[in-house]
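Peer 1: So that you have it, the file is coords-v5.cif, and it contains mmCIF, C-alpha atoms and all ligand atoms:
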```cif
data_run
loop_
_atom_site.label_atom_id
_atom_site.label_comp_id
_atom_site.auth_asym_id
_atom_site.auth_seq_id
_atom_site.Cartn_x
_atom_site.Cartn_y
_atom_site.Cartn_z
CA MET A 96 50.78 99.11 150.38
CA ARG A 97 51.63 95.75 148.83
CA ARG A 98 50.51 92.68 150.73
CA PRO A 99 53.42 90.33 151.52
CA LEU A 100 53.28 86.87 150.00
CA VAL A 101 55.30 83.79 150.91
CA ALA A 102 55.11 80.73 148.68
CA GLY A 103 56.59 77.31 149.40
CA ASN A 104 57.81 75.48 146.31
CA TRP A 105 57.96 71.81 147.29
CA LYS A 106 59.50 70.89 143.93
CA MET A 107 59.51 67.15 143.13
CA HIS A 108 59.49 66.16 146.79
CA GLY A 109 57.05 64.26 148.95
CA THR A 110 55.24 60.99 149.39
CA ARG A 111 51.60 60.79 150.46
CA ALA A 112 52.80 60.18 154.02
CA SER A 113 55.39 62.96 154.16
CA VAL A 114 53.01 65.45 152.54
CA ALA A 115 50.30 64.65 155.09
CA GLU A 116 52.85 65.13 157.87
CA LEU A 117 53.98 68.46 156.41
CA ILE A 118 50.44 69.79 156.11
CA ALA A 119 49.66 68.66 159.65
CA GLY A 120 52.77 70.54 160.82
CA LEU A 121 51.84 73.64 158.88
CA ARG A 122 48.36 73.63 160.36
CA THR A 123 49.86 73.97 163.84
CA GLN A 124 51.72 77.14 162.81
CA THR A 125 50.52 80.59 163.71
CA LEU A 126 50.40 82.34 160.36
CA PRO A 127 50.15 86.12 160.08
CA GLU A 128 46.82 87.41 158.82
CA ASP A 129 48.44 90.10 156.72
CA VAL A 130 50.55 87.69 154.65
CA THR A 131 49.31 85.56 151.76
CA VAL A 132 50.74 82.07 152.27
CA VAL A 133 50.86 79.63 149.36
CA VAL A 134 51.97 76.00 149.24
CA MET A 135 52.97 74.52 145.90
CA PRO A 136 53.10 70.72 145.96
CA ALA A 137 53.93 68.48 143.01
CA PHE A 138 50.96 67.83 140.70
CA VAL A 139 50.35 64.35 142.12
CA HIS A 140 49.77 65.76 145.60
CA LEU A 141 47.58 68.75 144.70
CA MET A 142 44.28 67.02 145.29
CA SER A 143 45.16 65.54 148.67
CA VAL A 144 46.73 68.83 149.81
CA ALA A 145 43.58 70.69 148.73
CA ASP A 146 41.55 68.31 150.91
CA GLN A 147 43.93 68.54 153.84
CA LEU A 148 44.11 72.33 153.75
CA GLY A 149 40.38 72.43 154.40
CA ALA A 150 39.41 75.79 155.86
CA SER A 151 43.05 76.83 156.43
CA SER A 152 44.08 80.31 155.32
CA MET A 153 46.85 78.80 153.19
CA ASN A 154 46.44 78.96 149.42
CA LEU A 155 47.19 76.25 146.93
CA GLY A 156 49.52 76.72 143.98
CA ALA A 157 51.11 74.56 141.31
CA GLN A 158 54.65 74.53 139.99
CA ASP A 159 53.88 74.66 136.28
CA CYS A 160 51.04 74.53 133.76
CA ALA A 161 50.56 73.74 130.09
CA THR A 162 50.64 76.35 127.37
CA GLU A 163 46.99 75.54 126.68
CA PRO A 164 44.49 76.86 129.25
CA MET A 165 41.83 74.21 128.62
CA PRO A 166 41.99 70.40 128.54
CA CYS A 167 42.98 69.06 125.12
CA ALA A 168 45.12 66.35 123.50
CA LEU A 169 48.50 67.17 125.07
CA THR A 170 49.92 64.05 126.67
CA GLY A 171 51.54 64.44 130.06
CA GLU A 172 50.64 68.12 130.52
CA VAL A 173 48.27 69.76 132.99
CA ALA A 174 45.94 72.54 131.84
CA ALA A 175 45.62 75.71 133.88
CA SER A 176 41.86 75.12 134.13
CA GLN A 177 42.53 71.69 135.65
CA LEU A 178 44.54 73.47 138.33
CA THR A 179 41.75 75.90 139.16
CA ASP A 180 39.38 72.94 139.25
CA LEU A 181 41.53 71.50 142.06
CA GLY A 182 41.45 74.77 143.96
CA CYS A 183 44.77 76.28 142.86
CA ARG A 184 45.03 80.05 142.85
CA TYR A 185 48.69 80.46 141.89
CA VAL A 186 51.11 78.80 139.48
CA LEU A 187 54.85 79.19 138.97
CA VAL A 188 56.02 79.88 135.44
CA GLY A 189 59.61 80.10 134.28
CA HIS A 190 61.28 78.56 137.32
CA SER A 191 65.02 78.41 136.60
CA GLU A 192 65.09 74.63 136.99
CA ARG A 193 62.64 74.41 134.10
CA ARG A 194 64.48 77.07 132.08
CA LEU A 195 67.92 75.53 132.55
CA LEU A 196 67.35 71.79 133.03
CA LEU A 197 64.35 71.38 130.73
CA GLY A 198 65.17 74.05 128.17
CA GLU A 199 62.08 76.23 128.61
CA GLY A 200 62.52 79.51 126.77
CA ASP A 201 60.87 82.89 127.16
CA ALA A 202 58.31 82.34 124.38
CA LEU A 203 57.01 79.13 125.96
CA ILE A 204 56.96 80.72 129.41
CA VAL A 205 54.91 83.66 128.13
CA ARG A 206 52.35 81.23 126.71
CA LYS A 207 52.09 79.46 130.07
CA PHE A 208 51.69 82.81 131.83
CA SER A 209 48.90 83.73 129.44
CA ALA A 210 47.18 80.34 129.84
CA ALA A 211 47.22 80.77 133.61
CA GLN A 212 45.65 84.21 133.48
CA ALA A 213 43.07 83.07 130.95
CA VAL A 214 41.45 80.91 133.64
CA GLY A 215 41.97 83.24 136.58
CA LEU A 216 45.14 81.73 138.02
CA THR A 217 47.77 84.15 139.26
CA PRO A 218 51.08 83.36 137.54
CA VAL A 219 54.28 83.80 139.55
CA LEU A 220 56.91 84.59 136.90
CA CYS A 221 60.43 83.64 137.98
CA VAL A 222 63.42 85.54 136.63
CA GLY A 223 67.08 85.41 137.58
CA GLU A 224 70.67 85.26 136.45
CA THR A 225 73.26 82.48 136.66
CA ARG A 226 76.51 82.87 138.54
CA GLU A 227 78.42 83.33 135.25
CA GLN A 228 76.02 86.05 134.15
CA ARG A 229 76.39 87.86 137.48
CA GLU A 230 80.17 87.64 137.34
CA ALA A 231 80.07 89.04 133.81
CA GLY A 232 78.06 92.04 135.04
CA GLN A 233 74.98 90.84 133.14
CA THR A 234 72.51 90.52 136.02
CA LEU A 235 70.19 93.37 135.08
CA PRO A 236 70.27 92.85 131.29
CA VAL A 237 69.41 89.16 131.78
CA VAL A 238 66.65 89.70 134.33
CA LEU A 239 65.07 92.62 132.47
CA ALA A 240 65.17 90.73 129.16
CA GLN A 241 63.25 87.85 130.80
CA LEU A 242 60.71 90.39 132.00
CA ASP A 243 60.53 92.20 128.67
CA ALA A 244 59.78 88.95 126.88
CA LEU A 245 56.51 89.01 128.80
CA ILE A 246 55.74 92.72 128.70
CA ASP A 247 56.56 93.12 125.00
CA THR A 248 54.23 90.25 124.13
CA LEU A 249 51.30 90.67 126.51
CA GLY A 250 51.61 94.29 127.64
CA VAL A 251 52.54 95.68 131.03
CA ALA A 252 48.98 95.59 132.41
CA VAL A 253 49.15 91.80 132.78
CA LEU A 254 51.34 92.43 135.81
CA ASN A 255 48.25 93.72 137.64
CA ARG A 256 47.21 90.08 137.96
CA ALA A 257 50.60 88.46 138.50
CA VAL A 258 53.47 88.11 140.93
CA LEU A 259 57.18 88.31 140.08
CA ALA A 260 59.93 86.33 141.75
CA TYR A 261 63.57 87.34 141.48
CA GLU A 262 65.58 84.18 142.00
CA PRO A 263 69.31 84.36 141.36
CA VAL A 264 70.12 80.89 140.04
CA TRP A 265 73.36 80.75 142.03
CA ALA A 266 71.36 81.09 145.25
CA ILE A 267 68.76 78.38 144.57
CA GLY A 268 69.30 75.27 146.64
CA THR A 269 72.92 76.22 147.25
CA GLY A 270 72.70 77.74 150.71
CA LEU A 271 74.10 80.97 149.21
CA THR A 272 71.56 83.73 149.77
CA ALA A 273 71.87 87.09 148.02
CA THR A 274 72.54 89.77 150.59
CA PRO A 275 69.52 91.97 151.30
CA GLU A 276 71.32 94.79 149.47
CA GLN A 277 72.09 92.64 146.40
CA ALA A 278 68.49 91.49 146.23
CA GLN A 279 67.06 94.97 146.83
CA GLU A 280 69.20 96.38 144.00
CA VAL A 281 67.65 93.96 141.50
CA HIS A 282 64.11 94.31 142.90
CA ALA A 283 64.35 98.10 142.65
CA ALA A 284 65.65 97.87 139.09
CA ILE A 285 62.78 95.57 138.12
CA ARG A 286 60.25 97.97 139.63
CA GLN A 287 61.86 100.99 137.97
CA HIS A 288 61.88 99.19 134.63
CA ILE A 289 58.16 98.46 134.93
CA ALA A 290 57.53 102.05 136.06
CA MET A 291 58.92 103.33 132.76
CA ARG A 292 55.90 101.64 131.14
CA ASP A 293 53.32 102.18 133.90
CA ALA A 294 54.01 103.66 137.32
CA ALA A 295 50.81 102.33 138.92
CA VAL A 296 51.50 98.77 137.79
CA ALA A 297 55.06 99.04 139.12
CA ALA A 298 53.88 100.32 142.49
CA GLY A 299 51.39 97.50 142.89
CA VAL A 300 53.19 94.40 141.68
CA GLN A 301 54.51 92.03 144.36
CA ILE A 302 58.14 91.05 143.78
CA LEU A 303 59.30 88.05 145.81
CA TYR A 304 62.89 87.05 146.51
CA GLY A 305 63.88 83.40 146.16
CA GLY A 306 67.18 81.66 146.78
CA SER A 307 67.97 79.71 149.96
CA VAL A 308 65.68 81.84 152.12
CA LYS A 309 65.68 80.62 155.72
CA ALA A 310 64.00 81.83 158.88
CA SER A 311 67.34 83.31 159.95
CA THR A 312 67.68 85.43 156.76
CA ALA A 313 64.03 86.17 155.94
CA GLY A 314 63.56 89.13 158.27
CA GLU A 315 66.36 91.22 156.77
CA LEU A 316 65.44 90.32 153.19
CA PHE A 317 61.74 91.09 153.67
CA GLY A 318 62.65 94.35 155.38
CA MET A 319 63.95 95.75 152.09
CA PRO A 320 61.58 98.27 150.50
CA ASP A 321 61.07 96.44 147.19
CA ILE A 322 61.01 92.86 148.53
CA ASP A 323 57.42 91.80 149.11
CA GLY A 324 57.96 88.29 150.43
CA GLY A 325 59.64 85.09 149.36
CA LEU A 326 59.57 82.06 147.13
CA VAL A 327 60.98 79.35 149.35
CA GLY A 328 62.22 75.95 148.22
CA GLY A 329 64.11 73.73 150.66
CA ALA A 330 63.04 75.53 153.82
CA SER A 331 59.35 75.16 152.89
CA LEU A 332 59.60 71.41 153.50
CA ASN A 333 60.01 72.07 157.21
CA ALA A 334 56.79 73.32 158.81
CA ASP A 335 58.46 75.17 161.70
CA GLU A 336 60.98 76.86 159.41
CA PHE A 337 58.35 77.82 156.83
CA GLY A 338 56.01 79.11 159.54
CA ALA A 339 58.80 81.30 160.91
CA ILE A 340 59.54 82.66 157.40
CA CYS A 341 55.86 83.55 156.95
CA ARG A 342 55.78 85.29 160.31
CA ALA A 343 58.93 87.25 159.38
CA ALA A 344 57.10 88.63 156.33
CA GLY A 345 54.23 89.85 158.45
CA ARG A 346 56.24 91.31 161.24
CA VAL A 347 58.63 93.22 159.03
CA LYS A 348 56.06 94.74 156.72
CA ASN A 349 53.91 95.71 159.74
CA ALA A 350 56.75 97.42 161.53
C1 LIG A 401 63.11 77.72 144.60
O1 LIG A 401 63.03 76.55 144.28
O2 LIG A 401 62.40 78.54 144.03
C2 LIG A 401 64.04 78.10 145.66
C3 LIG A 401 64.20 79.36 145.92
O3 LIG A 401 64.69 77.08 146.31
P1 LIG A 401 65.60 77.22 147.62
O4 LIG A 401 64.85 78.04 148.62
O5 LIG A 401 65.82 75.82 148.09
O6 LIG A 401 66.87 77.89 147.20
#
```
Written as structure tokens, that's how I'd like the structure from this file.
Peer 2:
Amino acid sequence: MRRPLVAGNWKMHGTRASVAELIAGLRTQTLPEDVTVVVMPAFVHLMSVADQLGASSMNLGAQDCATEPMPCALTGEVAASQLTDLGCRYVLVGHSERRLLLGEGDALIVRKFSAAQAVGLTPVLCVGETREQREAGQTLPVVLAQLDALIDTLGVAVLNRAVLAYEPVWAIGTGLTATPEQAQEVHAAIRQHIAMRDAAVAAGVQILYGGSVKASTAGELFGMPDIDGGLVGGASLNADEFGAICRAAGRVKNA
């Protein structure tokens, strides 16, 4: 039985004041014990969020890391070990905004994934197709190629210590959510693809859905057999909404 996980990607949002307010709001939420909850603030807020989380059950994650695991001369970057030093347990790699707006390619993303694991961080590898790719019938070839770039380089066993997130680019920040059936189809294909290499790894890996998840859509999405939780952007900036999404993950998988 895979444990559900819900991660809030705060992207490049937040001031010290608004972040403190958000954490205070989150700390009033009843969060399900059987769901791993992660908040992913911008780098500049990681330390204060770590302090403010205190003894909360919420985990800390970052949105990116350098290709090098340890501190070195790499101006402007943040080493994975610096993230663990701040208390991070998770890190996003390959978010579509970084792939498409900043030109990150598969080879670079694989290096970041490897750097994260080298210091004990759990990488959350994001994969997903654009609207044009979906309309051209290329969803699975695109998503599986992004996954294969990792597996072919590092081997399938690395997925024992990682999380995957299927995030159709056309659904991110657009208010357009994939239907539960559309998402399930891709999640199942990802799991089957991994199973061709190693059935036990495929059965154990958590695959999150991301793309305009809201409290009103979370229950149905998380009820799908191969959807193990969510990567939530916009809705994670609202404590009540995010709390409700986390509770939906617990309730559904417990049912
Ligand atoms: C994301 O940034 O990973 C995301 C899914 O954003 P949103 O929920 O706003 O679509």
Peer 1: When you count only C-alpha atoms and all ligand atoms, which of these residues is closest to ligand LIG 401 (chain A): A:Cys183, A:Ile285, A:Ala313, A:Leu121?
Peer 2: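 Counting only C-alpha atoms and all ligand atoms, the residue closest to ligand LIG 401 (chain A) is A:Ala313.
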Peer 1: Around ligand LIG 401 (chain A), which protein and nucleic acid residues have at least one atom no more than 9 Å from it, if we count only C-alpha atoms and all ligand atoms? List them as a ChimeraX atom specification.
Peer 2: /A:102-106,190-192,221,260,262-272,304-309,325-331
Peer 1: By how many Å are CA of Gly232 (chain A) and CA of Arg286 (chain A) apart?
Peer 2: 19.3 Å
Peer 1: Give me, as an mmCIF file with C-alpha atoms, in the frame of the given file, all polymer residues having an atom no more than 7 Å from Val173 (chain A), counting only C-alpha atoms and skipping those fewer than 2 positions away in the same chain.
Peer 2:
```cif
data_model
loop_
_atom_site.group_PDB
_atom_site.id
_atom_site.type_symbol
_atom_site.label_atom_id
_atom_site.label_comp_id
_atom_site.auth_asym_id
_atom_site.auth_seq_id
_atom_site.Cartn_x
_atom_site.Cartn_y
_atom_site.Cartn_z
ATOM 1 C CA CYS A 160 51.040 74.530 133.760
ATOM 2 C CA ALA A 161 50.560 73.740 130.090
ATOM 3 C CA GLY A 171 51.540 64.440 130.060
ATOM 4 C CA ALA A 175 45.620 75.710 133.880
ATOM 5 C CA GLN A 177 42.530 71.690 135.650
#
```
Peer 1: With only C-alpha atoms as the counted atoms, please give the residues lying no more than 10 Å from Leu249 (chain A), apart from itself and same-chain residues fewer than 3 positions off, as a list in words.
Peer 2: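 The residues that qualify are Val205, Arg206, Phe208, Ser209, Asp243, Ala244, Leu245, Ile246, Ala252, Val253 and Leu254 of chain A.
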Peer 1: Could you tell me how far CA of Gly314 (chain A) lies from CA of Ala343 (chain A), in Å and to one decimal?
Peer 2: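 Interatomic distance here is 5.1 Å.
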Peer 1: Would you work out the distance separating CA of Thr234 (chain A) from CA of Ile322 (chain A), expressed in Å to one decimal?
Peer 2: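 Taking CA of Thr234 (chain A) as the start and CA of Ile322 (chain A) as the end point, the length is 17.2 Å.
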Peer 1: Can you tell me which residues surround Val132 (chain A) at a distance of at most 7 Å, considering only C-alpha atoms, apart from same-chain residues fewer than 2 positions away, and format the answer as a list in words?
Peer 2: Leu100, Val101, Ala102, Val130, Val134, Met153 and Asn154 of chain A
Peer 1: Counting all atoms listed in the file, figure out which residue out of A:Leu316, A:Ala294, A:Asp321, A:Glu230 gets nearest to His282 (chain A).
Peer 2: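 Closest to His282 (chain A) of all the choices is A:Asp321.
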Peer 1: Using only C-alpha atoms, pick whichever of A:Ala112, A:Val222, A:Val214, A:Ala290 has the shortest atom-to-atom distance to Arg256 (chain A).
Peer 2: A:Val214
Peer 1: Compare A:Pro236, A:Gly223, A:Gly338, A:Pro166 by their minimum atom-to-atom distance to Ala210 (chain A), counting all atoms listed in the file, and give me the closest one.
Peer 2: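 Counting all atoms listed in the file, the residue closest to Ala210 (chain A) is A:Pro166.
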Peer 1: Taking into account all atoms listed in the file, which residue in the set A:Ile289, A:Leu239, A:Val258, A:Val144 is nearest to Val188 (chain A)?
Peer 2: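 Among A:Ile289, A:Leu239, A:Val258, A:Val144, it is A:Val258 that comes nearest to Val188 (chain A).
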